Structures are given as structure tokens and as C-alpha cells.
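Dumped final13.tsv below, it's TSV, N, CA, C and O atoms:
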chain	number	residue	atom	x	y	z
A	1	ALA	N	-137.49	12.38	41.31
A	1	ALA	CA	-137.71	13.32	40.22
A	1	ALA	C	-138.63	14.46	40.66
A	1	ALA	O	-138.58	15.52	40.10
A	2	LYS	N	-139.46	14.17	41.65
A	2	LYS	CA	-140.42	15.18	42.10
A	2	LYS	C	-139.73	16.43	42.64
A	2	LYS	O	-140.17	17.53	42.43
A	3	ASN	N	-138.59	16.26	43.35
A	3	ASN	CA	-137.89	17.38	43.94
A	3	ASN	C	-136.79	17.94	43.05
A	3	ASN	O	-136.12	18.89	43.42
A	4	SER	N	-136.59	17.38	41.86
A	4	SER	CA	-135.51	17.84	40.99
A	4	SER	C	-135.69	19.30	40.60
A	4	SER	O	-134.73	20.01	40.38
A	5	ARG	N	-136.92	19.76	40.52
A	5	ARG	CA	-137.18	21.16	40.19
A	5	ARG	C	-136.65	22.09	41.26
A	5	ARG	O	-136.22	23.19	40.98
A	6	LEU	N	-136.70	21.65	42.50
A	6	LEU	CA	-136.26	22.49	43.61
A	6	LEU	C	-134.74	22.64	43.62
A	6	LEU	O	-134.22	23.66	44.05
A	7	THR	N	-134.02	21.66	43.14
A	7	THR	CA	-132.56	21.72	43.18
A	7	THR	C	-131.98	22.54	42.04
A	7	THR	O	-130.84	22.95	42.10
A	8	ILE	N	-132.76	22.77	40.99
A	8	ILE	CA	-132.27	23.54	39.84
A	8	ILE	C	-133.22	24.72	39.60
A	8	ILE	O	-134.15	24.63	38.81
A	9	PRO	N	-133.00	25.83	40.30
A	9	PRO	CA	-133.93	26.96	40.19
A	9	PRO	C	-133.99	27.58	38.79
A	9	PRO	O	-134.99	28.18	38.42
A	10	ALA	N	-132.96	27.43	37.99
A	10	ALA	CA	-132.96	28.03	36.65
A	10	ALA	C	-133.90	27.30	35.70
A	10	ALA	O	-134.27	27.84	34.67
A	11	THR	N	-134.32	26.09	36.03
A	11	THR	CA	-135.14	25.29	35.14
A	11	THR	C	-136.44	25.99	34.76
A	11	THR	O	-136.81	26.04	33.60
A	12	GLU	N	-137.13	26.56	35.74
A	12	GLU	CA	-138.40	27.22	35.44
A	12	GLU	C	-138.19	28.42	34.54
A	12	GLU	O	-138.94	28.65	33.60
A	13	LYS	N	-137.15	29.19	34.79
A	13	LYS	CA	-136.83	30.35	33.94
A	13	LYS	C	-136.50	29.89	32.53
A	13	LYS	O	-136.93	30.49	31.55
A	14	GLU	N	-135.73	28.80	32.42
A	14	GLU	CA	-135.40	28.26	31.10
A	14	GLU	C	-136.65	27.79	30.38
A	14	GLU	O	-136.79	28.00	29.17
A	15	ASP	N	-137.57	27.16	31.10
A	15	ASP	CA	-138.84	26.72	30.51
A	15	ASP	C	-139.61	27.93	29.98
A	15	ASP	O	-140.20	27.87	28.90
A	16	ASP	N	-139.63	29.02	30.75
A	16	ASP	CA	-140.33	30.23	30.32
A	16	ASP	C	-139.72	30.79	29.03
A	16	ASP	O	-140.44	31.21	28.14
A	17	ILE	N	-138.39	30.76	28.94
A	17	ILE	CA	-137.71	31.27	27.75
A	17	ILE	C	-138.00	30.38	26.54
A	17	ILE	O	-138.29	30.88	25.45
A	18	VAL	N	-137.95	29.08	26.74
A	18	VAL	CA	-138.25	28.14	25.64
A	18	VAL	C	-139.70	28.32	25.19
A	18	VAL	O	-139.99	28.36	23.99
A	19	ARG	N	-140.63	28.47	26.15
A	19	ARG	CA	-142.05	28.68	25.83
A	19	ARG	C	-142.21	29.97	25.02
A	19	ARG	O	-142.87	30.00	23.99
A	20	ARG	N	-141.57	31.06	25.50
A	20	ARG	CA	-141.67	32.34	24.79
A	20	ARG	C	-141.12	32.23	23.37
A	20	ARG	O	-141.75	32.66	22.41
A	21	ASP	N	-139.94	31.64	23.22
A	21	ASP	CA	-139.32	31.53	21.91
A	21	ASP	C	-140.12	30.63	20.97
A	21	ASP	O	-140.22	30.90	19.78
A	22	SER	N	-140.69	29.56	21.51
A	22	SER	CA	-141.52	28.67	20.70
A	22	SER	C	-142.78	29.39	20.22
A	22	SER	O	-143.16	29.29	19.05
A	23	LEU	N	-143.42	30.13	21.14
A	23	LEU	CA	-144.61	30.89	20.75
A	23	LEU	C	-144.26	31.97	19.73
A	23	LEU	O	-145.03	32.21	18.79
A	24	HIS	N	-143.11	32.60	19.90
A	24	HIS	CA	-142.67	33.62	18.95
A	24	HIS	C	-142.57	33.02	17.55
A	24	HIS	O	-143.07	33.61	16.58
A	25	ALA	N	-141.96	31.86	17.45
A	25	ALA	CA	-141.81	31.19	16.14
A	25	ALA	C	-143.17	30.82	15.55
A	25	ALA	O	-143.41	31.04	14.35
A	26	ILE	N	-144.06	30.29	16.38
A	26	ILE	CA	-145.40	29.90	15.90
A	26	ILE	C	-146.17	31.13	15.43
A	26	ILE	O	-146.79	31.13	14.36
A	27	ILE	N	-146.13	32.20	16.22
A	27	ILE	CA	-146.86	33.43	15.87
A	27	ILE	C	-146.30	34.05	14.60
A	27	ILE	O	-147.05	34.50	13.74
A	28	ASN	N	-144.97	34.05	14.45
A	28	ASN	CA	-144.38	34.62	13.23
A	28	ASN	C	-144.72	33.81	11.99
A	28	ASN	O	-144.68	34.35	10.88
A	29	ALA	N	-145.07	32.55	12.16
A	29	ALA	CA	-145.43	31.70	11.03
A	29	ALA	C	-146.91	31.85	10.62
A	29	ALA	O	-147.33	31.29	9.62
A	30	LEU	N	-147.69	32.60	11.41
A	30	LEU	CA	-149.10	32.79	11.07
A	30	LEU	C	-149.24	33.55	9.76
A	30	LEU	O	-148.39	34.38	9.43
A	31	PRO	N	-150.33	33.31	9.03
A	31	PRO	CA	-150.61	34.14	7.85
A	31	PRO	C	-150.72	35.61	8.29
A	31	PRO	O	-151.13	35.91	9.41
A	32	ASP	N	-150.36	36.52	7.41
A	32	ASP	CA	-150.30	37.94	7.75
A	32	ASP	C	-151.57	38.49	8.41
A	32	ASP	O	-151.48	39.19	9.42
A	33	PRO	N	-152.77	38.18	7.88
A	33	PRO	CA	-153.98	38.73	8.54
A	33	PRO	C	-154.16	38.20	9.97
A	33	PRO	O	-154.56	38.96	10.86
A	34	ASN	N	-153.85	36.94	10.19
A	34	ASN	CA	-153.95	36.35	11.53
A	34	ASN	C	-152.93	36.98	12.48
A	34	ASN	O	-153.24	37.30	13.63
A	35	TYR	N	-151.71	37.16	11.98
A	35	TYR	CA	-150.66	37.79	12.77
A	35	TYR	C	-151.07	39.21	13.17
A	35	TYR	O	-150.97	39.59	14.33
A	36	ALA	N	-151.56	39.97	12.20
A	36	ALA	CA	-151.94	41.37	12.45
A	36	ALA	C	-153.08	41.45	13.46
A	36	ALA	O	-153.08	42.32	14.35
A	37	THR	N	-154.04	40.55	13.36
A	37	THR	CA	-155.16	40.53	14.30
A	37	THR	C	-154.69	40.19	15.71
A	37	THR	O	-155.03	40.87	16.67
A	38	LEU	N	-153.88	39.13	15.82
A	38	LEU	CA	-153.37	38.73	17.13
A	38	LEU	C	-152.50	39.84	17.72
A	38	LEU	O	-152.59	40.14	18.91
A	39	ARG	N	-151.70	40.49	16.89
A	39	ARG	CA	-150.84	41.57	17.36
A	39	ARG	C	-151.68	42.73	17.90
A	39	ARG	O	-151.41	43.24	18.99
A	40	ALA	N	-152.70	43.13	17.15
A	40	ALA	CA	-153.56	44.25	17.59
A	40	ALA	C	-154.26	43.91	18.90
A	40	ALA	O	-154.30	44.74	19.82
A	41	MET	N	-154.79	42.69	19.00
A	41	MET	CA	-155.47	42.28	20.24
A	41	MET	C	-154.50	42.22	21.41
A	41	MET	O	-154.81	42.68	22.51
A	42	THR	N	-153.31	41.69	21.17
A	42	THR	CA	-152.32	41.56	22.23
A	42	THR	C	-151.85	42.94	22.70
A	42	THR	O	-151.73	43.17	23.91
A	43	LEU	N	-151.60	43.85	21.78
A	43	LEU	CA	-151.17	45.19	22.17
A	43	LEU	C	-152.26	45.89	22.97
A	43	LEU	O	-151.97	46.61	23.94
A	44	HIS	N	-153.52	45.68	22.59
A	44	HIS	CA	-154.62	46.26	23.37
A	44	HIS	C	-154.66	45.65	24.77
A	44	HIS	O	-154.77	46.38	25.77
A	45	LEU	N	-154.59	44.32	24.87
A	45	LEU	CA	-154.62	43.67	26.17
A	45	LEU	C	-153.41	44.07	27.02
A	45	LEU	O	-153.51	44.18	28.24
A	46	TYR	N	-152.29	44.33	26.37
A	46	TYR	CA	-151.11	44.79	27.10
A	46	TYR	C	-151.37	46.16	27.73
A	46	TYR	O	-150.98	46.42	28.86
A	47	ARG	N	-152.08	47.04	26.98
A	47	ARG	CA	-152.43	48.35	27.54
A	47	ARG	C	-153.39	48.19	28.72
A	47	ARG	O	-153.29	48.91	29.72
A	48	VAL	N	-154.32	47.25	28.62
A	48	VAL	CA	-155.22	46.96	29.75
A	48	VAL	C	-154.38	46.48	30.93
A	48	VAL	O	-154.55	46.94	32.07
A	49	MET	N	-153.45	45.57	30.68
A	49	MET	CA	-152.59	45.02	31.72
A	49	MET	C	-151.72	46.11	32.35
A	49	MET	O	-151.45	46.08	33.55
A	50	ASP	N	-151.30	47.07	31.55
A	50	ASP	CA	-150.49	48.19	32.04
A	50	ASP	C	-151.23	49.00	33.10
A	50	ASP	O	-150.61	49.71	33.88
A	51	ASN	N	-152.54	48.92	33.12
A	51	ASN	CA	-153.36	49.64	34.10
A	51	ASN	C	-153.89	48.71	35.18
A	51	ASN	O	-154.89	49.02	35.83
A	52	SER	N	-153.22	47.59	35.40
A	52	SER	CA	-153.70	46.61	36.38
A	52	SER	C	-153.73	47.17	37.80
A	52	SER	O	-154.49	46.68	38.63
A	53	HIS	N	-152.95	48.22	38.05
A	53	HIS	CA	-153.00	48.84	39.38
A	53	HIS	C	-154.37	49.48	39.64
A	53	HIS	O	-154.76	49.65	40.77
A	54	VAL	N	-155.11	49.77	38.56
A	54	VAL	CA	-156.45	50.35	38.68
A	54	VAL	C	-157.53	49.30	38.43
A	54	VAL	O	-158.50	49.19	39.19
A	55	ASN	N	-157.35	48.50	37.37
A	55	ASN	CA	-158.42	47.59	36.94
A	55	ASN	C	-158.24	46.13	37.40
A	55	ASN	O	-159.08	45.29	37.11
A	56	ARG	N	-157.13	45.82	38.07
A	56	ARG	CA	-156.83	44.48	38.58
A	56	ARG	C	-156.71	43.41	37.49
A	56	ARG	O	-156.80	42.22	37.77
A	57	MET	N	-156.55	43.84	36.26
A	57	MET	CA	-156.42	42.88	35.16
A	57	MET	C	-154.95	42.69	34.80
A	57	MET	O	-154.44	43.26	33.83
A	58	ASN	N	-154.27	41.86	35.61
A	58	ASN	CA	-152.88	41.53	35.30
A	58	ASN	C	-152.86	40.48	34.18
A	58	ASN	O	-153.91	40.04	33.70
A	59	SER	N	-151.66	40.06	33.78
A	59	SER	CA	-151.56	39.13	32.65
A	59	SER	C	-152.29	37.81	32.94
A	59	SER	O	-152.96	37.27	32.06
A	60	HIS	N	-152.20	37.32	34.16
A	60	HIS	CA	-152.88	36.05	34.48
A	60	HIS	C	-154.40	36.20	34.41
A	60	HIS	O	-155.08	35.35	33.83
A	61	ASN	N	-154.92	37.27	34.98
A	61	ASN	CA	-156.38	37.47	34.96
A	61	ASN	C	-156.89	37.63	33.53
A	61	ASN	O	-157.93	37.08	33.17
A	62	LEU	N	-156.16	38.37	32.71
A	62	LEU	CA	-156.55	38.51	31.30
A	62	LEU	C	-156.47	37.16	30.60
A	62	LEU	O	-157.34	36.82	29.79
A	63	ALA	N	-155.45	36.37	30.92
A	63	ALA	CA	-155.30	35.05	30.30
A	63	ALA	C	-156.44	34.11	30.68
A	63	ALA	O	-156.91	33.33	29.85
A	64	VAL	N	-156.90	34.20	31.92
A	64	VAL	CA	-158.02	33.36	32.36
A	64	VAL	C	-159.27	33.70	31.55
A	64	VAL	O	-160.01	32.81	31.12
A	65	ILE	N	-159.49	34.99	31.31
A	65	ILE	CA	-160.67	35.43	30.57
A	65	ILE	C	-160.54	35.14	29.07
A	65	ILE	O	-161.46	34.63	28.45
A	66	PHE	N	-159.38	35.47	28.49
A	66	PHE	CA	-159.23	35.41	27.03
A	66	PHE	C	-158.60	34.12	26.52
A	66	PHE	O	-158.70	33.83	25.32
A	67	GLY	N	-157.95	33.33	27.38
A	67	GLY	CA	-157.29	32.11	26.92
A	67	GLY	C	-158.20	31.17	26.15
A	67	GLY	O	-157.93	30.86	24.99
A	68	PRO	N	-159.29	30.73	26.75
A	68	PRO	CA	-160.18	29.81	26.04
A	68	PRO	C	-160.81	30.42	24.78
A	68	PRO	O	-160.99	29.73	23.78
A	69	THR	N	-161.08	31.72	24.82
A	69	THR	CA	-161.69	32.38	23.66
A	69	THR	C	-160.69	32.49	22.51
A	69	THR	O	-161.02	32.17	21.37
A	70	LEU	N	-159.49	32.93	22.81
A	70	LEU	CA	-158.49	33.12	21.75
A	70	LEU	C	-157.93	31.81	21.24
A	70	LEU	O	-157.61	31.69	20.05
A	71	MET	N	-157.80	30.82	22.12
A	71	MET	CA	-157.19	29.55	21.72
A	71	MET	C	-158.22	28.58	21.15
A	71	MET	O	-157.88	27.73	20.35
A	72	GLY	N	-159.47	28.72	21.57
A	72	GLY	CA	-160.50	27.78	21.13
A	72	GLY	C	-160.23	26.39	21.68
A	72	GLY	O	-159.13	26.07	22.08
A	73	SER	N	-161.28	25.58	21.74
A	73	SER	CA	-161.07	24.20	22.17
A	73	SER	C	-162.29	23.37	21.85
A	73	SER	O	-163.37	23.88	21.58
A	74	ASP	N	-162.07	22.10	21.91
A	74	ASP	CA	-163.14	21.13	21.75
A	74	ASP	C	-163.93	21.14	23.06
A	74	ASP	O	-163.35	21.00	24.13
A	75	PRO	N	-165.25	21.31	23.00
A	75	PRO	CA	-166.03	21.36	24.24
A	75	PRO	C	-165.82	20.15	25.15
A	75	PRO	O	-165.90	20.28	26.37
A	76	SER	N	-165.51	19.02	24.59
A	76	SER	CA	-165.32	17.81	25.41
A	76	SER	C	-164.01	17.84	26.19
A	76	SER	O	-163.85	17.10	27.16
A	77	THR	N	-163.07	18.71	25.80
A	77	THR	CA	-161.79	18.80	26.50
A	77	THR	C	-161.54	20.21	27.05
A	77	THR	O	-160.42	20.53	27.43
A	78	ALA	N	-162.58	21.03	27.10
A	78	ALA	CA	-162.43	22.44	27.48
A	78	ALA	C	-161.77	22.61	28.85
A	78	ALA	O	-160.87	23.43	29.00
A	79	ILE	N	-162.19	21.84	29.82
A	79	ILE	CA	-161.64	21.99	31.17
A	79	ILE	C	-160.17	21.57	31.17
A	79	ILE	O	-159.33	22.24	31.75
A	80	ALA	N	-159.87	20.46	30.53
A	80	ALA	CA	-158.49	19.97	30.48
A	80	ALA	C	-157.58	20.93	29.71
A	80	ALA	O	-156.41	21.09	30.05
A	81	ASP	N	-158.12	21.59	28.69
A	81	ASP	CA	-157.33	22.50	27.85
A	81	ASP	C	-157.11	23.86	28.50
A	81	ASP	O	-156.19	24.58	28.14
A	82	ALA	N	-157.94	24.24	29.45
A	82	ALA	CA	-157.90	25.60	30.02
A	82	ALA	C	-156.54	25.95	30.59
A	82	ALA	O	-156.06	27.07	30.42
A	83	GLY	N	-155.88	25.02	31.25
A	83	GLY	CA	-154.59	25.30	31.88
A	83	GLY	C	-153.53	25.74	30.88
A	83	GLY	O	-152.87	26.76	31.09
A	84	TRP	N	-153.38	24.99	29.79
A	84	TRP	CA	-152.35	25.37	28.83
A	84	TRP	C	-152.77	26.61	28.04
A	84	TRP	O	-151.91	27.41	27.65
A	85	GLN	N	-154.07	26.80	27.82
A	85	GLN	CA	-154.53	28.00	27.11
A	85	GLN	C	-154.18	29.26	27.92
A	85	GLN	O	-153.71	30.26	27.37
A	86	ILE	N	-154.41	29.19	29.23
A	86	ILE	CA	-154.10	30.32	30.10
A	86	ILE	C	-152.59	30.58	30.09
A	86	ILE	O	-152.15	31.73	29.98
A	87	LYS	N	-151.79	29.52	30.15
A	87	LYS	CA	-150.33	29.67	30.15
A	87	LYS	C	-149.84	30.30	28.85
A	87	LYS	O	-148.96	31.17	28.86
A	88	VAL	N	-150.42	29.90	27.73
A	88	VAL	CA	-150.02	30.46	26.43
A	88	VAL	C	-150.32	31.96	26.37
A	88	VAL	O	-149.45	32.77	26.04
A	89	ILE	N	-151.54	32.35	26.70
A	89	ILE	CA	-151.92	33.77	26.63
A	89	ILE	C	-151.14	34.57	27.66
A	89	ILE	O	-150.68	35.69	27.37
A	90	ASP	N	-150.95	34.04	28.86
A	90	ASP	CA	-150.16	34.72	29.88
A	90	ASP	C	-148.73	34.96	29.37
A	90	ASP	O	-148.18	36.06	29.51
A	91	THR	N	-148.14	33.95	28.75
A	91	THR	CA	-146.78	34.08	28.22
A	91	THR	C	-146.72	35.14	27.12
A	91	THR	O	-145.80	35.96	27.09
A	92	ILE	N	-147.69	35.13	26.22
A	92	ILE	CA	-147.73	36.13	25.15
A	92	ILE	C	-147.84	37.53	25.74
A	92	ILE	O	-147.11	38.44	25.34
A	93	LEU	N	-148.73	37.71	26.71
A	93	LEU	CA	-148.91	39.04	27.31
A	93	LEU	C	-147.66	39.50	28.06
A	93	LEU	O	-147.27	40.67	27.98
A	94	GLN	N	-147.02	38.60	28.78
A	94	GLN	CA	-145.82	38.98	29.54
A	94	GLN	C	-144.63	39.27	28.63
A	94	GLN	O	-143.69	39.93	29.05
A	95	ASN	N	-144.69	38.80	27.40
A	95	ASN	CA	-143.57	38.97	26.46
A	95	ASN	C	-144.00	39.69	25.18
A	95	ASN	O	-143.41	39.48	24.13
A	96	THR	N	-145.02	40.53	25.30
A	96	THR	CA	-145.59	41.19	24.12
A	96	THR	C	-144.54	41.82	23.22
A	96	THR	O	-144.53	41.59	22.01
A	97	TYR	N	-143.63	42.60	23.80
A	97	TYR	CA	-142.68	43.32	22.96
A	97	TYR	C	-141.48	42.49	22.54
A	97	TYR	O	-140.71	42.91	21.68
A	98	GLN	N	-141.32	41.27	23.09
A	98	GLN	CA	-140.31	40.36	22.57
A	98	GLN	C	-140.90	39.53	21.43
A	98	GLN	O	-140.17	39.09	20.55
A	99	ILE	N	-142.22	39.34	21.44
A	99	ILE	CA	-142.87	38.51	20.42
A	99	ILE	C	-143.30	39.32	19.21
A	99	ILE	O	-143.14	38.91	18.07
A	100	PHE	N	-143.84	40.53	19.47
A	100	PHE	CA	-144.34	41.37	18.37
A	100	PHE	C	-143.42	42.56	18.17
A	100	PHE	O	-143.00	43.20	19.14
A	101	ASP	N	-143.14	42.87	16.92
A	101	ASP	CA	-142.36	44.06	16.61
A	101	ASP	C	-143.15	45.29	17.00
A	101	ASP	O	-144.37	45.33	16.86
A	102	ASP	N	-142.47	46.32	17.47
A	102	ASP	CA	-143.14	47.57	17.87
A	102	ASP	C	-143.15	48.51	16.67
A	102	ASP	O	-142.26	49.32	16.48
A	103	ASP	N	-144.18	48.33	15.82
A	103	ASP	CA	-144.29	49.16	14.60
A	103	ASP	C	-144.77	50.55	14.93
A	103	ASP	O	-145.77	50.74	15.55
When written as C-alpha cells, how does the structure in this file appear?
Amino acid sequence: AKNSRLTIPATEKEDDIVRRDSLHAIINALPDPNYATLRAMTLHLYRVMDNSHVNRMNSHNLAVIFGPTLMGSDPSTAIADAGWQIKVIDTILQNTYQIFDDD
């Protein structure tokens, strides 16, 4: 099972699509004020990411910084939670315009 990922290269891409679509559904279900706040913050971070050639803040680097802050966590599980928090924020940033409507 360990090497099964190597034999099916589409699996990782499919996982990314499922993750994006799942986050899209969760974000769309947020109360309006929460959605609007997350949208404004994400659009701002996307503009920061757009200048990564100057500021070195690509989606992963922004996710490392903002993941734990935006996602929150129990201090007793903070280290264990950091990985998925970074992945969630990275996915949101990489798919900003698929997740949020461009008003």
C-alpha cells in the first residue's frame, strides 16, 4: 500500500480537488459575517502571494504563518494540528477564485 500512490499519479490531484471542493462547501456554509471576513482576509493574502517574487510569501509560507492563527487550536494539540491547518490555508489560497466569488 505504501507504493500505491506512485502507481496512480492522478490520486494526489484528485485529493487536491476533493479537498478544494470540501473546503468550498464548508466556507459557503459559514454565517455571512464569517464568510465576508474570511473572504476579505483571503483576497488580501492572495494579493500578498501575487507578489511572492518580491516578498517570498508564496501560498505555503503564508499558510505556515496564518494557518494556526486562522484555524485556531487546542494548545495541547497545537503541534499535531499545524500540518492540517497549513494544508487547509494553503489550499484556500491556491484556489481563492474557485472558492470565493469575485464580487
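Across the model, the gap from atom C of Leu45 (chain A) to atom O of Met57 (chain A) is 6.9 Å.
From CA of Lys87 (chain A) back to CA of Pro68 (chain A), the distance works out to 10.7 Å.
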Next item on the list: Tell me, in Å to one decimal, how far CA of His53 (chain A) is from CA of Ile27 (chain A).
Entry: 28.8 Å
Margin query: Counting only C-alpha atoms, which residues have an atom no more than 9 Å from (-154.7, 32.7, 20.3) in the file's coordinates? Please list them as a ChimeraX atom specification.
Written below: /A:38,66-72,85,88-89
Selected residues written out, N, CA, C and O atoms, as a compact mmCIF listing (two decimals), keeping the file's coordinate frame:
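As a result, result-v8.txt now contains:
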# COMPACT_ATOMS: atom_id res chain seq x y z
N LEU A 38 -153.88 39.13 15.82
CA LEU A 38 -153.37 38.73 17.13
C LEU A 38 -152.50 39.84 17.72
O LEU A 38 -152.59 40.14 18.91
N PHE A 66 -159.38 35.47 28.49
CA PHE A 66 -159.23 35.41 27.03
C PHE A 66 -158.60 34.12 26.52
O PHE A 66 -158.70 33.83 25.32
N GLY A 67 -157.95 33.33 27.38
CA GLY A 67 -157.29 32.11 26.92
C GLY A 67 -158.20 31.17 26.15
O GLY A 67 -157.93 30.86 24.99
N PRO A 68 -159.29 30.73 26.75
CA PRO A 68 -160.18 29.81 26.04
C PRO A 68 -160.81 30.42 24.78
O PRO A 68 -160.99 29.73 23.78
N THR A 69 -161.08 31.72 24.82
CA THR A 69 -161.69 32.38 23.66
C THR A 69 -160.69 32.49 22.51
O THR A 69 -161.02 32.17 21.37
N LEU A 70 -159.49 32.93 22.81
CA LEU A 70 -158.49 33.12 21.75
C LEU A 70 -157.93 31.81 21.24
O LEU A 70 -157.61 31.69 20.05
N MET A 71 -157.80 30.82 22.12
CA MET A 71 -157.19 29.55 21.72
C MET A 71 -158.22 28.58 21.15
O MET A 71 -157.88 27.73 20.35
N GLY A 72 -159.47 28.72 21.57
CA GLY A 72 -160.50 27.78 21.13
C GLY A 72 -160.23 26.39 21.68
O GLY A 72 -159.13 26.07 22.08
N GLN A 85 -154.07 26.80 27.82
CA GLN A 85 -154.53 28.00 27.11
C GLN A 85 -154.18 29.26 27.92
O GLN A 85 -153.71 30.26 27.37
N VAL A 88 -150.42 29.90 27.73
CA VAL A 88 -150.02 30.46 26.43
C VAL A 88 -150.32 31.96 26.37
O VAL A 88 -149.45 32.77 26.04
N ILE A 89 -151.54 32.35 26.70
CA ILE A 89 -151.92 33.77 26.63
C ILE A 89 -151.14 34.57 27.66
O ILE A 89 -150.68 35.69 27.37
Next item on the list: Taking the DSSP assignment computed from this structure's backbone, write out as a ChimeraX atom specification all residues of chain A that belong to alpha helix (DSSP H).
Entry: /A:4-7,10-28,32-50,52-55,59-71,78-94,96-99
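Considering the residues A:Ile86, A:Ala78, A:Leu23, A:Leu43 and counting only N, CA, C and O atoms, Val64 (chain A) has its shortest atom-to-atom contact with A:Ile86.
Residue nearest Asp50 (chain A), chosen from A:Thr96, A:His24, A:Ala82, A:Ala36 and counting only C-alpha atoms: A:Thr96.
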Since the input is missing atoms, can you rebuild all heavy atoms for region 69-76 of chain A and write them as a PDB file, in the frame of the given file?
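Saved to rebuild.pdb:
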ATOM      1  N   THR A  69    -161.080  31.720  24.820  1.00  0.00           N
ATOM      2  CA  THR A  69    -161.690  32.380  23.660  1.00  0.00           C
ATOM      3  C   THR A  69    -160.690  32.490  22.510  1.00  0.00           C
ATOM      4  O   THR A  69    -161.020  32.170  21.370  1.00  0.00           O
ATOM      5  CB  THR A  69    -162.171  33.795  24.050  1.00  0.00           C
ATOM      6  OG1 THR A  69    -163.111  33.670  25.112  1.00  0.00           O
ATOM      7  CG2 THR A  69    -162.816  34.498  22.881  1.00  0.00           C
ATOM      8  N   LEU A  70    -159.490  32.930  22.810  1.00  0.00           N
ATOM      9  CA  LEU A  70    -158.490  33.120  21.750  1.00  0.00           C
ATOM     10  C   LEU A  70    -157.930  31.810  21.240  1.00  0.00           C
ATOM     11  O   LEU A  70    -157.610  31.690  20.050  1.00  0.00           O
ATOM     12  CB  LEU A  70    -157.349  34.014  22.257  1.00  0.00           C
ATOM     13  CG  LEU A  70    -157.721  35.453  22.546  1.00  0.00           C
ATOM     14  CD1 LEU A  70    -156.544  36.197  23.160  1.00  0.00           C
ATOM     15  CD2 LEU A  70    -158.188  36.151  21.273  1.00  0.00           C
ATOM     16  N   MET A  71    -157.800  30.820  22.120  1.00  0.00           N
ATOM     17  CA  MET A  71    -157.190  29.550  21.720  1.00  0.00           C
ATOM     18  C   MET A  71    -158.220  28.580  21.150  1.00  0.00           C
ATOM     19  O   MET A  71    -157.880  27.730  20.350  1.00  0.00           O
ATOM     20  CB  MET A  71    -156.488  28.886  22.904  1.00  0.00           C
ATOM     21  CG  MET A  71    -155.379  29.702  23.528  1.00  0.00           C
ATOM     22  SD  MET A  71    -154.019  30.047  22.420  1.00  0.00           S
ATOM     23  CE  MET A  71    -153.422  28.407  22.101  1.00  0.00           C
ATOM     24  N   GLY A  72    -159.470  28.720  21.570  1.00  0.00           N
ATOM     25  CA  GLY A  72    -160.500  27.780  21.130  1.00  0.00           C
ATOM     26  C   GLY A  72    -160.230  26.390  21.680  1.00  0.00           C
ATOM     27  O   GLY A  72    -159.130  26.070  22.080  1.00  0.00           O
ATOM     28  N   SER A  73    -161.280  25.580  21.740  1.00  0.00           N
ATOM     29  CA  SER A  73    -161.070  24.200  22.170  1.00  0.00           C
ATOM     30  C   SER A  73    -162.290  23.370  21.850  1.00  0.00           C
ATOM     31  O   SER A  73    -163.370  23.880  21.580  1.00  0.00           O
ATOM     32  CB  SER A  73    -160.747  24.123  23.662  1.00  0.00           C
ATOM     33  OG  SER A  73    -161.907  24.286  24.432  1.00  0.00           O
ATOM     34  N   ASP A  74    -162.070  22.100  21.910  1.00  0.00           N
ATOM     35  CA  ASP A  74    -163.140  21.130  21.750  1.00  0.00           C
ATOM     36  C   ASP A  74    -163.930  21.140  23.060  1.00  0.00           C
ATOM     37  O   ASP A  74    -163.350  21.000  24.130  1.00  0.00           O
ATOM     38  CB  ASP A  74    -162.491  19.763  21.509  1.00  0.00           C
ATOM     39  CG  ASP A  74    -163.489  18.633  21.375  1.00  0.00           C
ATOM     40  OD1 ASP A  74    -164.679  18.823  21.729  1.00  0.00           O
ATOM     41  OD2 ASP A  74    -163.079  17.555  20.926  1.00  0.00           O
ATOM     42  N   PRO A  75    -165.250  21.310  23.000  1.00  0.00           N
ATOM     43  CA  PRO A  75    -166.030  21.360  24.240  1.00  0.00           C
ATOM     44  C   PRO A  75    -165.820  20.150  25.150  1.00  0.00           C
ATOM     45  O   PRO A  75    -165.900  20.280  26.370  1.00  0.00           O
ATOM     46  CB  PRO A  75    -167.484  21.411  23.749  1.00  0.00           C
ATOM     47  CG  PRO A  75    -167.405  21.955  22.364  1.00  0.00           C
ATOM     48  CD  PRO A  75    -166.070  21.512  21.815  1.00  0.00           C
ATOM     49  N   SER A  76    -165.510  19.020  24.590  1.00  0.00           N
ATOM     50  CA  SER A  76    -165.320  17.810  25.410  1.00  0.00           C
ATOM     51  C   SER A  76    -164.010  17.840  26.190  1.00  0.00           C
ATOM     52  O   SER A  76    -163.850  17.100  27.160  1.00  0.00           O
ATOM     53  CB  SER A  76    -165.385  16.556  24.549  1.00  0.00           C
ATOM     54  OG  SER A  76    -164.294  16.515  23.658  1.00  0.00           O
TER      55      SER A  76
END
